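Q: So here's query-v4.cif, just mmCIF, C-alpha atoms:
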data_model
loop_
_atom_site.group_PDB
_atom_site.id
_atom_site.type_symbol
_atom_site.label_atom_id
_atom_site.label_comp_id
_atom_site.auth_asym_id
_atom_site.auth_seq_id
_atom_site.Cartn_x
_atom_site.Cartn_y
_atom_site.Cartn_z
ATOM 1 C CA MET S 43 -5.035 -21.704 -14.855
ATOM 2 C CA LEU S 44 -3.162 -21.506 -11.568
ATOM 3 C CA ALA S 45 -4.929 -22.936 -8.529
ATOM 4 C CA TYR S 46 -4.884 -19.904 -6.239
ATOM 5 C CA ASP S 47 -5.720 -20.052 -2.559
ATOM 6 C CA PHE S 48 -8.476 -17.450 -2.275
ATOM 7 C CA PRO S 49 -9.120 -14.731 -1.281
ATOM 8 C CA LEU S 50 -6.360 -13.272 -3.400
ATOM 9 C CA PHE S 51 -5.346 -9.608 -3.193
ATOM 10 C CA ARG S 52 -2.927 -7.485 -5.218
ATOM 11 C CA PRO S 53 -2.324 -3.756 -5.783
ATOM 12 C CA PRO S 54 -4.368 -2.207 -8.623
ATOM 13 C CA SER S 55 -1.215 -1.593 -10.670
ATOM 14 C CA GLU S 56 -0.482 -5.353 -10.660
ATOM 15 C CA GLY S 57 -3.776 -6.215 -12.340
ATOM 16 C CA ASP S 58 -2.193 -7.278 -15.655
ATOM 17 C CA ASN S 59 0.787 -9.051 -14.116
ATOM 18 C CA LEU S 60 1.408 -12.649 -13.122
ATOM 19 C CA ILE S 61 0.672 -13.399 -9.457
ATOM 20 C CA ILE S 62 2.589 -16.122 -7.625
ATOM 21 C CA GLN S 63 1.625 -16.982 -4.038
ATOM 22 C CA ALA S 64 4.892 -17.293 -2.131
ATOM 23 C CA THR S 65 3.018 -17.157 1.187
ATOM 24 C CA LEU S 66 -0.577 -17.557 2.260
ATOM 25 C CA GLY S 67 -2.211 -14.941 4.468
ATOM 26 C CA CYS S 68 -0.393 -12.131 6.261
ATOM 27 C CA SER S 69 2.478 -12.585 8.699
ATOM 28 C CA PHE S 70 1.108 -9.775 10.918
ATOM 29 C CA ASN S 71 -2.641 -9.679 10.244
ATOM 30 C CA GLN S 72 -3.473 -7.432 13.222
ATOM 31 C CA CYS S 73 -4.267 -4.081 11.559
ATOM 32 C CA ALA S 74 -7.582 -2.935 13.036
ATOM 33 C CA PHE S 75 -8.986 -1.578 9.758
ATOM 34 C CA CYS S 76 -8.012 -4.493 7.500
ATOM 35 C CA SER S 77 -10.074 -7.602 6.753
ATOM 36 C CA MET S 78 -8.036 -8.874 3.807
ATOM 37 C CA TYR S 79 -6.587 -12.057 5.309
ATOM 38 C CA LYS S 80 -8.817 -12.674 8.320
ATOM 39 C CA SER S 81 -10.066 -15.948 6.784
ATOM 40 C CA LYS S 82 -6.530 -17.342 6.391
ATOM 41 C CA ASP S 83 -3.815 -18.570 8.719
ATOM 42 C CA TYR S 84 -0.376 -17.393 7.676
ATOM 43 C CA ARG S 85 2.099 -19.909 6.312
ATOM 44 C CA ALA S 86 5.111 -19.845 4.054
ATOM 45 C CA ARG S 87 4.601 -22.130 1.072
ATOM 46 C CA PRO S 88 7.349 -24.711 0.499
ATOM 47 C CA LEU S 89 9.560 -23.892 -2.452
ATOM 48 C CA ALA S 90 8.523 -27.071 -4.223
ATOM 49 C CA GLU S 91 4.883 -25.894 -4.240
ATOM 50 C CA VAL S 92 5.841 -22.455 -5.511
ATOM 51 C CA PHE S 93 8.159 -23.880 -8.175
ATOM 52 C CA ALA S 94 5.296 -26.047 -9.426
ATOM 53 C CA ASP S 95 3.108 -22.936 -9.743
ATOM 54 C CA ILE S 96 5.891 -21.160 -11.627
ATOM 55 C CA ASP S 97 6.187 -24.103 -14.013
ATOM 56 C CA ARG S 98 2.447 -23.950 -14.721
ATOM 57 C CA ALA S 99 2.600 -20.174 -15.160
ATOM 58 C CA ALA S 100 5.561 -20.454 -17.533
ATOM 59 C CA ALA S 101 3.573 -22.847 -19.710
ATOM 60 C CA LEU S 102 0.594 -20.488 -19.801
ATOM 61 C CA TRP S 103 2.404 -17.112 -19.966
ATOM 62 C CA PRO S 104 5.938 -17.767 -21.198
ATOM 63 C CA ASP S 105 6.444 -14.091 -22.078
ATOM 64 C CA ALA S 106 5.418 -12.748 -18.643
ATOM 65 C CA GLN S 107 7.533 -9.714 -17.776
ATOM 66 C CA ARG S 108 6.276 -8.769 -14.322
ATOM 67 C CA VAL S 109 5.436 -10.902 -11.294
ATOM 68 C CA PHE S 110 3.749 -9.966 -8.017
ATOM 69 C CA LEU S 111 4.552 -12.199 -5.034
ATOM 70 C CA ALA S 112 1.458 -12.709 -2.905
ATOM 71 C CA ASP S 113 0.023 -12.943 -0.247
ATOM 72 C CA GLY S 114 0.297 -10.301 2.455
ATOM 73 C CA ASP S 115 4.018 -9.887 2.973
ATOM 74 C CA ALA S 116 6.377 -12.090 0.985
ATOM 75 C CA LEU S 117 9.323 -10.129 2.373
ATOM 76 C CA VAL S 118 8.882 -11.975 5.682
ATOM 77 C CA LEU S 119 10.514 -14.982 3.995
ATOM 78 C CA PRO S 120 14.229 -15.608 4.684
ATOM 79 C CA THR S 121 16.528 -14.039 2.125
ATOM 80 C CA ASP S 122 17.893 -17.385 0.870
ATOM 81 C CA HIS S 123 14.316 -18.619 0.350
ATOM 82 C CA LEU S 124 13.442 -15.498 -1.649
ATOM 83 C CA LEU S 125 16.645 -15.709 -3.691
ATOM 84 C CA ALA S 126 15.913 -19.300 -4.623
ATOM 85 C CA LEU S 127 12.398 -18.285 -5.684
ATOM 86 C CA LEU S 128 13.653 -15.315 -7.708
ATOM 87 C CA GLU S 129 16.335 -17.383 -9.423
ATOM 88 C CA TYR S 130 13.731 -19.957 -10.443
ATOM 89 C CA LEU S 131 11.407 -17.247 -11.753
ATOM 90 C CA ALA S 132 14.207 -15.810 -13.886
ATOM 91 C CA ARG S 133 15.102 -19.279 -15.198
ATOM 92 C CA ARG S 134 11.540 -20.140 -16.201
ATOM 93 C CA LEU S 135 10.479 -16.667 -17.384
ATOM 94 C CA PRO S 136 13.294 -15.309 -19.586
ATOM 95 C CA ALA S 137 11.415 -12.056 -20.338
ATOM 96 C CA LEU S 138 11.067 -11.208 -16.624
ATOM 97 C CA THR S 139 11.927 -7.572 -15.851
ATOM 98 C CA ARG S 140 10.415 -6.914 -12.407
ATOM 99 C CA VAL S 141 9.208 -8.698 -9.296
ATOM 100 C CA SER S 142 7.224 -6.901 -6.589
ATOM 101 C CA ALA S 143 5.612 -7.694 -3.242
ATOM 102 C CA TYR S 144 3.822 -6.213 -0.257
ATOM 103 C CA ALA S 145 6.157 -5.388 2.647
ATOM 104 C CA THR S 146 5.863 -4.180 6.226
ATOM 105 C CA PRO S 147 8.409 -1.768 7.732
ATOM 106 C CA PHE S 148 9.217 -4.368 10.396
ATOM 107 C CA ASN S 149 10.136 -7.019 7.846
ATOM 108 C CA LEU S 150 12.128 -4.545 5.772
ATOM 109 C CA LEU S 151 14.173 -3.847 8.891
ATOM 110 C CA LYS S 152 14.771 -7.557 9.483
ATOM 111 C CA LYS S 153 16.865 -7.543 6.308
ATOM 112 C CA SER S 154 20.140 -5.698 5.877
ATOM 113 C CA ALA S 155 20.641 -3.191 3.090
ATOM 114 C CA GLU S 156 22.983 -5.724 1.477
ATOM 115 C CA GLU S 157 20.289 -8.416 1.539
ATOM 116 C CA LEU S 158 17.805 -6.054 -0.094
ATOM 117 C CA GLN S 159 20.408 -5.123 -2.696
ATOM 118 C CA SER S 160 20.868 -8.818 -3.448
ATOM 119 C CA LEU S 161 17.115 -9.260 -3.865
ATOM 120 C CA LYS S 162 17.032 -6.261 -6.186
ATOM 121 C CA ALA S 163 19.864 -7.739 -8.248
ATOM 122 C CA HIS S 164 17.523 -10.696 -8.744
ATOM 123 C CA LYS S 165 14.754 -8.339 -9.989
ATOM 124 C CA LEU S 166 12.706 -7.825 -6.799
ATOM 125 C CA SER S 167 12.739 -4.058 -7.218
ATOM 126 C CA LEU S 168 9.384 -2.722 -5.943
ATOM 127 C CA VAL S 169 7.649 -3.092 -2.564
ATOM 128 C CA TYR S 170 4.191 -1.875 -1.564
ATOM 129 C CA VAL S 171 4.131 -0.427 1.959
ATOM 130 C CA GLY S 172 0.999 0.587 3.832
ATOM 131 C CA ILE S 173 2.041 3.730 5.693
ATOM 132 C CA GLU S 174 -1.634 4.573 6.392
ATOM 133 C CA SER S 175 -0.677 7.523 8.668
ATOM 134 C CA GLY S 176 2.369 9.370 9.924
ATOM 135 C CA ALA S 177 0.755 10.136 13.299
ATOM 136 C CA ASP S 178 1.887 7.869 16.132
ATOM 137 C CA SER S 179 -1.393 8.230 18.008
ATOM 138 C CA ILE S 180 -3.356 6.967 14.992
ATOM 139 C CA LEU S 181 -0.900 4.181 14.185
ATOM 140 C CA LYS S 182 -1.251 2.922 17.757
ATOM 141 C CA ARG S 183 -5.046 2.858 17.497
ATOM 142 C CA ILE S 184 -4.993 0.904 14.241
ATOM 143 C CA VAL S 185 -2.306 -1.509 15.547
ATOM 144 C CA LYS S 186 0.466 -0.578 13.114
ATOM 145 C CA SER S 187 4.193 -0.030 13.603
ATOM 146 C CA GLY S 188 5.029 3.360 15.119
ATOM 147 C CA VAL S 189 6.283 6.214 12.990
ATOM 148 C CA GLN S 190 9.944 5.614 13.956
ATOM 149 C CA THR S 191 9.726 2.023 12.704
ATOM 150 C CA MET S 192 7.839 3.213 9.624
ATOM 151 C CA GLU S 193 10.515 5.782 8.812
ATOM 152 C CA ALA S 194 13.368 3.361 9.468
ATOM 153 C CA GLY S 195 11.752 0.727 7.247
ATOM 154 C CA LEU S 196 11.352 3.189 4.389
ATOM 155 C CA ARG S 197 14.982 4.258 4.782
ATOM 156 C CA ARG S 198 16.118 0.627 4.715
ATOM 157 C CA ALA S 199 14.217 0.062 1.470
ATOM 158 C CA ALA S 200 15.970 3.101 -0.021
ATOM 159 C CA GLU S 201 19.371 1.834 1.194
ATOM 160 C CA GLY S 202 18.593 -1.448 -0.548
ATOM 161 C CA GLY S 203 17.773 0.365 -3.786
ATOM 162 C CA LEU S 204 14.131 -0.707 -3.776
ATOM 163 C CA LYS S 205 11.340 1.455 -5.121
ATOM 164 C CA VAL S 206 8.499 1.966 -2.639
ATOM 165 C CA SER S 207 4.846 2.397 -3.486
ATOM 166 C CA ALA S 208 3.273 3.755 -0.296
ATOM 167 C CA THR S 209 -0.382 4.122 0.642
ATOM 168 C CA VAL S 210 -2.108 6.579 2.969
ATOM 169 C CA ILE S 211 -5.716 6.169 4.139
ATOM 170 C CA LEU S 212 -7.864 9.302 4.031
ATOM 171 C CA GLY S 213 -10.426 9.423 6.825
ATOM 172 C CA LEU S 214 -8.361 7.238 9.155
ATOM 173 C CA GLY S 215 -8.238 9.893 11.868
ATOM 174 C CA GLY S 216 -11.943 10.601 11.617
ATOM 175 C CA ALA S 217 -13.479 14.057 11.944
ATOM 176 C CA ARG S 218 -11.623 14.778 15.209
ATOM 177 C CA HIS S 219 -8.029 13.946 14.279
ATOM 178 C CA TRP S 220 -7.836 14.589 10.555
ATOM 179 C CA GLN S 221 -5.475 17.561 10.808
ATOM 180 C CA GLU S 222 -2.942 15.678 12.922
ATOM 181 C CA HIS S 223 -3.312 12.715 10.550
ATOM 182 C CA MET S 224 -2.506 14.771 7.457
ATOM 183 C CA GLU S 225 0.142 17.044 9.001
ATOM 184 C CA GLU S 226 2.162 14.144 10.403
ATOM 185 C CA THR S 227 1.700 12.009 7.301
ATOM 186 C CA ALA S 228 3.020 14.780 5.064
ATOM 187 C CA ALA S 229 5.966 15.301 7.427
ATOM 188 C CA LEU S 230 6.861 11.601 7.207
ATOM 189 C CA ILE S 231 6.630 11.581 3.409
ATOM 190 C CA ASN S 232 8.795 14.707 3.218
ATOM 191 C CA ARG S 233 11.466 13.006 5.345
ATOM 192 C CA VAL S 234 11.504 9.707 3.451
ATOM 193 C CA PRO S 235 9.749 10.162 0.093
ATOM 194 C CA PRO S 236 8.666 6.980 -1.679
ATOM 195 C CA THR S 237 8.727 6.604 -5.452
ATOM 196 C CA TYR S 238 4.924 6.372 -5.569
ATOM 197 C CA LEU S 239 2.321 7.675 -3.117
ATOM 198 C CA SER S 240 -1.344 6.710 -3.306
ATOM 199 C CA THR S 241 -4.362 7.472 -1.178
ATOM 200 C CA LEU S 242 -7.216 5.166 -0.281
ATOM 201 C CA GLN S 243 -10.341 6.107 1.654
ATOM 202 C CA LEU S 244 -11.298 4.390 4.873
ATOM 203 C CA PHE S 245 -13.724 1.559 4.255
ATOM 204 C CA LEU S 246 -14.531 -0.940 6.998
ATOM 205 C CA GLU S 247 -15.802 -4.405 6.201
ATOM 206 C CA PRO S 248 -18.450 -5.644 8.681
ATOM 207 C CA ASP S 249 -16.090 -8.202 10.229
ATOM 208 C CA VAL S 250 -13.589 -5.549 11.417
ATOM 209 C CA ARG S 251 -15.898 -2.584 12.080
ATOM 210 C CA ALA S 252 -16.532 -3.286 15.777
ATOM 211 C CA ARG S 253 -12.865 -3.892 16.528
ATOM 212 C CA PHE S 254 -11.775 -0.723 14.740
ATOM 213 C CA LEU S 255 -14.370 1.452 16.478
ATOM 214 C CA GLY S 256 -13.481 -0.110 19.822
ATOM 215 C CA ARG S 257 -9.896 1.067 19.469
ATOM 216 C CA TRP S 258 -11.087 4.673 19.901
ATOM 217 C CA GLY S 259 -12.429 4.116 23.414
ATOM 218 C CA GLU S 260 -14.828 6.512 25.096
ATOM 219 C CA GLU S 261 -13.920 9.314 22.712
ATOM 220 C CA GLY S 262 -15.454 7.356 19.855
ATOM 221 C CA PHE S 263 -14.780 7.653 16.150
ATOM 222 C CA VAL S 264 -16.613 10.096 13.870
ATOM 223 C CA PHE S 265 -16.444 9.204 10.175
ATOM 224 C CA GLN S 266 -15.532 11.908 7.683
ATOM 225 C CA GLU S 267 -18.094 13.066 5.137
ATOM 226 C CA ASP S 268 -16.968 13.891 1.592
ATOM 227 C CA GLU S 269 -16.253 17.528 2.467
ATOM 228 C CA GLY S 270 -13.977 16.383 5.287
ATOM 229 C CA ILE S 271 -12.175 13.952 2.997
ATOM 230 C CA LEU S 272 -11.561 16.733 0.476
ATOM 231 C CA ALA S 273 -10.230 18.963 3.270
ATOM 232 C CA GLU S 274 -7.809 16.179 4.229
ATOM 233 C CA LEU S 275 -6.659 15.776 0.646
ATOM 234 C CA GLU S 276 -6.119 19.517 0.306
ATOM 235 C CA LEU S 277 -4.097 19.725 3.526
ATOM 236 C CA LEU S 278 -1.981 16.727 2.542
ATOM 237 C CA LEU S 279 -1.157 18.267 -0.839
ATOM 238 C CA ARG S 280 -0.380 21.666 0.719
ATOM 239 C CA ARG S 281 2.055 20.120 3.189
ATOM 240 C CA LEU S 282 3.794 17.695 0.822
ATOM 241 C CA ALA S 283 7.125 19.123 -0.318
ATOM 242 C CA PRO S 284 9.288 16.066 -0.993
ATOM 243 C CA PRO S 285 12.990 16.679 -1.685
ATOM 244 C CA ARG S 286 12.767 14.415 -4.735
ATOM 245 C CA PRO S 287 9.884 13.765 -7.151
ATOM 246 C CA VAL S 288 7.013 11.556 -5.969
ATOM 247 C CA ILE S 289 4.405 10.123 -8.337
ATOM 248 C CA PHE S 290 1.049 10.810 -6.665
ATOM 249 C CA ARG S 291 -2.277 9.086 -7.289
ATOM 250 C CA SER S 292 -5.714 9.143 -5.650
ATOM 251 C CA ASN S 293 -7.368 7.061 -8.359
ATOM 252 C CA HIS S 294 -7.987 3.921 -6.308
ATOM 253 C CA ALA S 295 -11.663 2.944 -6.487
ATOM 254 C CA SER S 296 -12.212 3.843 -2.819
ATOM 255 C CA ASN S 297 -11.439 7.528 -3.400
ATOM 256 C CA ALA S 298 -14.099 10.196 -3.835
ATOM 257 C CA LEU S 299 -11.833 12.282 -6.084
ATOM 258 C CA ALA S 300 -9.374 10.823 -8.601
ATOM 259 C CA LEU S 301 -6.133 12.768 -8.994
ATOM 260 C CA ALA S 302 -2.835 12.057 -10.728
ATOM 261 C CA GLY S 303 0.378 14.050 -10.896
ATOM 262 C CA ASN S 304 3.990 14.404 -9.877
ATOM 263 C CA LEU S 305 4.918 16.161 -6.649
ATOM 264 C CA PRO S 306 5.914 18.856 -6.034
ATOM 265 C CA LYS S 307 5.713 19.974 -9.693
ATOM 266 C CA ASP S 308 1.978 19.399 -10.110
ATOM 267 C CA SER S 309 0.895 20.538 -6.637
ATOM 268 C CA PRO S 310 -0.764 23.781 -7.874
ATOM 269 C CA ARG S 311 -2.848 21.909 -10.453
ATOM 270 C CA LEU S 312 -3.873 19.174 -8.005
ATOM 271 C CA LEU S 313 -4.828 21.736 -5.369
ATOM 272 C CA ALA S 314 -6.939 23.588 -7.941
ATOM 273 C CA GLN S 315 -8.768 20.344 -8.748
ATOM 274 C CA VAL S 316 -9.473 19.732 -5.062
ATOM 275 C CA ALA S 317 -10.654 23.334 -4.598
ATOM 276 C CA ALA S 318 -13.039 22.992 -7.543
ATOM 277 C CA ALA S 319 -14.444 19.762 -6.114
ATOM 278 C CA ARG S 320 -14.899 21.383 -2.687
ATOM 279 C CA THR S 321 -16.739 24.336 -4.229
ATOM 280 C CA ALA S 322 -19.040 22.054 -6.204
ATOM 281 C CA THR S 323 -19.709 19.837 -3.190
ATOM 282 C CA ALA S 324 -20.518 22.825 -0.966
ATOM 283 C CA ALA S 325 -23.020 23.986 -3.607
ATOM 284 C CA GLY S 326 -24.734 20.603 -3.560
ATOM 285 C CA ASP S 327 -23.235 19.405 -6.843
ATOM 286 C CA ALA S 328 -21.719 15.965 -6.333
ATOM 287 C CA SER S 329 -20.881 15.433 -10.007
ATOM 288 C CA ALA S 330 -17.186 16.120 -9.392
ATOM 289 C CA LEU S 331 -16.931 13.095 -7.085
ATOM 290 C CA ARG S 332 -17.129 9.364 -7.676
ATOM 291 C CA PRO S 333 -20.643 8.228 -6.688
ATOM 292 C CA GLY S 334 -20.731 6.451 -3.352
ATOM 293 C CA PHE S 335 -22.083 3.221 -4.796
ATOM 294 C CA LEU S 336 -19.027 2.965 -7.074
ATOM 295 C CA ARG S 337 -16.482 3.340 -4.275
ATOM 296 C CA ARG S 338 -15.008 0.065 -3.151
ATOM 297 C CA LEU S 339 -11.836 -1.636 -2.040
#
Is it possible to express this structure as structure tokens?

A:
Amino acid sequence: MLAYDFPLFRPPSEGDNLIIQATLGCSFNQCAFCSMYKSKDYRARPLAEVFADIDRAAALWPDAQRVFLADGDALVLPTDHLLALLEYLARRLPALTRVSAYATPFNLLKKSAEELQSLKAHKLSLVYVGIESGADSILKRIVKSGVQTMEAGLRRAAEGGLKVSATVILGLGGARHWQEHMEETAALINRVPPTYLSTLQLFLEPDVRARFLGRWGEEGFVFQEDEGILAELELLLRRLAPPRPVIFRSNHASNALALAGNLPKDSPRLLAQVAAARTATAAGDASALRPGFLRRL
């Protein structure tokens, strides 16, 4: 087994793939809602350490086809560092078809389109980007890059030929700002559609709860109930009209309602599923939703 530096996080879709820790922690680590790397100080791992992990992985899983580069944002690494890592992965894992990593818009913008194209040529072809919201006012409260930086980062990924798997957090605007949250998020997605779009639901670990709530000042933050979350999901789906197909999912374990489809083709079906869940919930029937005790990050 590989000797991982825990805690270790990866997207749900990477669950069956090999994970290699190119960095430890998160290079930003300031998002007000996130507790993922609060117990770690960020550092880039020396290539010799990473190569040793790859050697061990190659002995254990010589036929590995997909690799996820952890931790929080491997794309912060210099391009020559990443290229050396990717070349070694390809040398030791001859069946390798895809490498992926988390990325922030800021660190995407620190690389030219040509650099990203070079990384893609070495099989780093998918990045996971936490959009969270398309509303500047909400992004400021949660300490994320503004919507202009977000949009520019997504465009840079597209210029580099990378696929983007983007996430949006339902409930992030609370009961007072949910419409702005969904309207502006849909507008951003329509301008720069990712390949994949997934929703999560807001869930605050105890160690970040006070800081997150404090970002809302005297106005305070009012959490959304299930009916409010379903209203958000419905508005998001009504407003999404991407100019090219987007694979949509709300099946992450944090979500109250699991959906899957391609936008805009499947919008009518997805909206009908949300409407049915809203009707059942309003009638006191919660069977259409994932039970609260099963929702988790």

Q: May I ask for the distance between atom CA of Gly259 of chain S and atom CA of Glu226 of chain S, given in Å to one decimal place?

A: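 Computing it gives 22.0 Å between the two atoms.
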
Q: Quick one: pull the distance between atom CA of Ser154 of chain S and atom CA of Arg198 of chain S, Å, one decimal.

A: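 One can read the atom CA of Ser154 of chain S to atom CA of Arg198 of chain S distance as 7.6 Å.
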
Q: I would like the residues chosen by the PyMOL selection byres ((chain S and resi 227-229) around 8) on the shown file; could you give them as an MDAnalysis selection string?

A: chainID S and resid 175:177 210 223:226 230:233 278 281:282

Q: Got time to write the residues from that selection, C-alpha atoms, as an mmCIF file, in the coordinates of the input?

A:
data_model
loop_
_atom_site.group_PDB
_atom_site.id
_atom_site.type_symbol
_atom_site.label_atom_id
_atom_site.label_comp_id
_atom_site.auth_asym_id
_atom_site.auth_seq_id
_atom_site.Cartn_x
_atom_site.Cartn_y
_atom_site.Cartn_z
ATOM 1 C CA SER S 175 -0.677 7.523 8.668
ATOM 2 C CA GLY S 176 2.369 9.370 9.924
ATOM 3 C CA ALA S 177 0.755 10.136 13.299
ATOM 4 C CA VAL S 210 -2.108 6.579 2.969
ATOM 5 C CA HIS S 223 -3.312 12.715 10.550
ATOM 6 C CA MET S 224 -2.506 14.771 7.457
ATOM 7 C CA GLU S 225 0.142 17.044 9.001
ATOM 8 C CA GLU S 226 2.162 14.144 10.403
ATOM 9 C CA LEU S 230 6.861 11.601 7.207
ATOM 10 C CA ILE S 231 6.630 11.581 3.409
ATOM 11 C CA ASN S 232 8.795 14.707 3.218
ATOM 12 C CA ARG S 233 11.466 13.006 5.345
ATOM 13 C CA LEU S 278 -1.981 16.727 2.542
ATOM 14 C CA ARG S 281 2.055 20.120 3.189
ATOM 15 C CA LEU S 282 3.794 17.695 0.822
#

Q: Just say which residues the PyMOL selection byres ((chain S and resi 292-294) around 10) picks in this file, as a list of chain:residue names.

A: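 In the shown coordinates, the PyMOL selection byres ((chain S and resi 292-294) around 10) covers S:Pro53, S:Pro54, S:Ser55, S:Thr209, S:Val210, S:Leu212, S:Leu239, S:Ser240, S:Thr241, S:Leu242, S:Gln243, S:Leu275, S:Phe290, S:Arg291, S:Ala295, S:Ser296, S:Asn297, S:Ala298, S:Leu299, S:Ala300, S:Leu301, S:Ala302, S:Gly303, S:Arg337, S:Arg338, S:Leu339.
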
Q: Can I get the selected residues back with C-alpha atoms, as a PDB file, in the frame of the given file?

A:
ATOM      1  CA  PRO S  53      -2.324  -3.756  -5.783  1.00  0.00           C
ATOM      2  CA  PRO S  54      -4.368  -2.207  -8.623  1.00  0.00           C
ATOM      3  CA  SER S  55      -1.215  -1.593 -10.670  1.00  0.00           C
ATOM      4  CA  THR S 209      -0.382   4.122   0.642  1.00  0.00           C
ATOM      5  CA  VAL S 210      -2.108   6.579   2.969  1.00  0.00           C
ATOM      6  CA  LEU S 212      -7.864   9.302   4.031  1.00  0.00           C
ATOM      7  CA  LEU S 239       2.321   7.675  -3.117  1.00  0.00           C
ATOM      8  CA  SER S 240      -1.344   6.710  -3.306  1.00  0.00           C
ATOM      9  CA  THR S 241      -4.362   7.472  -1.178  1.00  0.00           C
ATOM     10  CA  LEU S 242      -7.216   5.166  -0.281  1.00  0.00           C
ATOM     11  CA  GLN S 243     -10.341   6.107   1.654  1.00  0.00           C
ATOM     12  CA  LEU S 275      -6.659  15.776   0.646  1.00  0.00           C
ATOM     13  CA  PHE S 290       1.049  10.810  -6.665  1.00  0.00           C
ATOM     14  CA  ARG S 291      -2.277   9.086  -7.289  1.00  0.00           C
ATOM     15  CA  ALA S 295     -11.663   2.944  -6.487  1.00  0.00           C
ATOM     16  CA  SER S 296     -12.212   3.843  -2.819  1.00  0.00           C
ATOM     17  CA  ASN S 297     -11.439   7.528  -3.400  1.00  0.00           C
ATOM     18  CA  ALA S 298     -14.099  10.196  -3.835  1.00  0.00           C
ATOM     19  CA  LEU S 299     -11.833  12.282  -6.084  1.00  0.00           C
ATOM     20  CA  ALA S 300      -9.374  10.823  -8.601  1.00  0.00           C
ATOM     21  CA  LEU S 301      -6.133  12.768  -8.994  1.00  0.00           C
ATOM     22  CA  ALA S 302      -2.835  12.057 -10.728  1.00  0.00           C
ATOM     23  CA  GLY S 303       0.378  14.050 -10.896  1.00  0.00           C
ATOM     24  CA  ARG S 337     -16.482   3.340  -4.275  1.00  0.00           C
ATOM     25  CA  ARG S 338     -15.008   0.065  -3.151  1.00  0.00           C
ATOM     26  CA  LEU S 339     -11.836  -1.636  -2.040  1.00  0.00           C
TER      27      LEU S 339
END

Q: Could you spell out the hits of the PyMOL selection byres ((chain S and resi 70-79) around 6) on the shown file, as a ChimeraX atom specification?

A: /S:67-69,80-82,184-185,254

Q: Choose the residue, out of S:Leu60, S:Leu204, S:Leu272, S:Leu89, that has the smallest atom-to-atom separation from Asp122 of chain S; count all atoms listed in the file.

A: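 Counting all atoms listed in the file, the residue closest to Asp122 of chain S is S:Leu89.
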
Q: What is the atom CA of Gln190 of chain S-atom CA of Pro285 of chain S distance in Å, reported with one decimal?

A: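 Between these atoms lies a distance of 19.4 Å.
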
Q: Using all atoms listed in the file, which of S:Tyr46, S:Trp220, S:Tyr170, S:Tyr130 sits nearest Glu276 of chain S?

A: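 Closest candidate: S:Trp220.
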
Q: Give me the residues within 12 Å of Ser187 of chain S as a PyMOL selection string, counting all atoms listed in the file and dropping any in the same chain fewer than 2 places off.

A: chain S and resi 70+72-73+146-149+151+171-185+189-195

Q: Which one is closest to Lys307 of chain S: S:Ala155, S:Leu331, S:Leu279, S:Ala325? Count all atoms listed in the file.

A: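 Of S:Ala155, S:Leu331, S:Leu279, S:Ala325, the one nearest Lys307 of chain S, counting all atoms listed in the file, is S:Leu279.
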
Q: I'd like the box whose edges run along x, y and z of the file and which contains every listed atom of segment 129-135 of chain S, padded by 8 Å per side; could you state its centre and edge lengths in Å, one decimal, as lines of an AutoDock Vina configuration file?

A:
center_x = 13.4
center_y = -18.0
center_z = -13.4
size_x = 21.9
size_y = 20.3
size_z = 24.0

Q: Considering all atoms listed in the file, return as a short mmCIF file (atom, residue, chain, number, x, y, z; two decimals) with C-alpha atoms, in the coordinates of the input whatever protein or nucleic-acid residues lie within 12 Å of Thr321 of chain S, sequence-local ones (same chain, fewer than 5 positions apart) excluded.

A:
data_model
loop_
_atom_site.label_atom_id
_atom_site.label_comp_id
_atom_site.auth_asym_id
_atom_site.auth_seq_id
_atom_site.Cartn_x
_atom_site.Cartn_y
_atom_site.Cartn_z
CA ASP S 268 -16.97 13.89 1.59
CA GLU S 269 -16.25 17.53 2.47
CA LEU S 272 -11.56 16.73 0.48
CA ALA S 273 -10.23 18.96 3.27
CA ALA S 314 -6.94 23.59 -7.94
CA GLN S 315 -8.77 20.34 -8.75
CA VAL S 316 -9.47 19.73 -5.06
CA GLY S 326 -24.73 20.60 -3.56
CA ASP S 327 -23.24 19.40 -6.84
CA ALA S 328 -21.72 15.96 -6.33
CA SER S 329 -20.88 15.43 -10.01
CA ALA S 330 -17.19 16.12 -9.39
CA LEU S 331 -16.93 13.10 -7.08
#

Q: For Pro236 of chain S, find every residue with an atom within 9 Å (counting only C-alpha atoms), except residues of its own chain fewer than 2 positions away, and show them as a ChimeraX atom specification.

A: /S:196,200,205-208,231,234,238-239,287-289

Q: Smallest atom-to-atom distance to Ala199 of chain S: which of S:His164, S:Lys152, S:Lys186, S:Arg218, using only C-alpha atoms?

A: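 Once distances to Ala199 of chain S are computed over only C-alpha atoms, the minimum belongs to S:Lys152.
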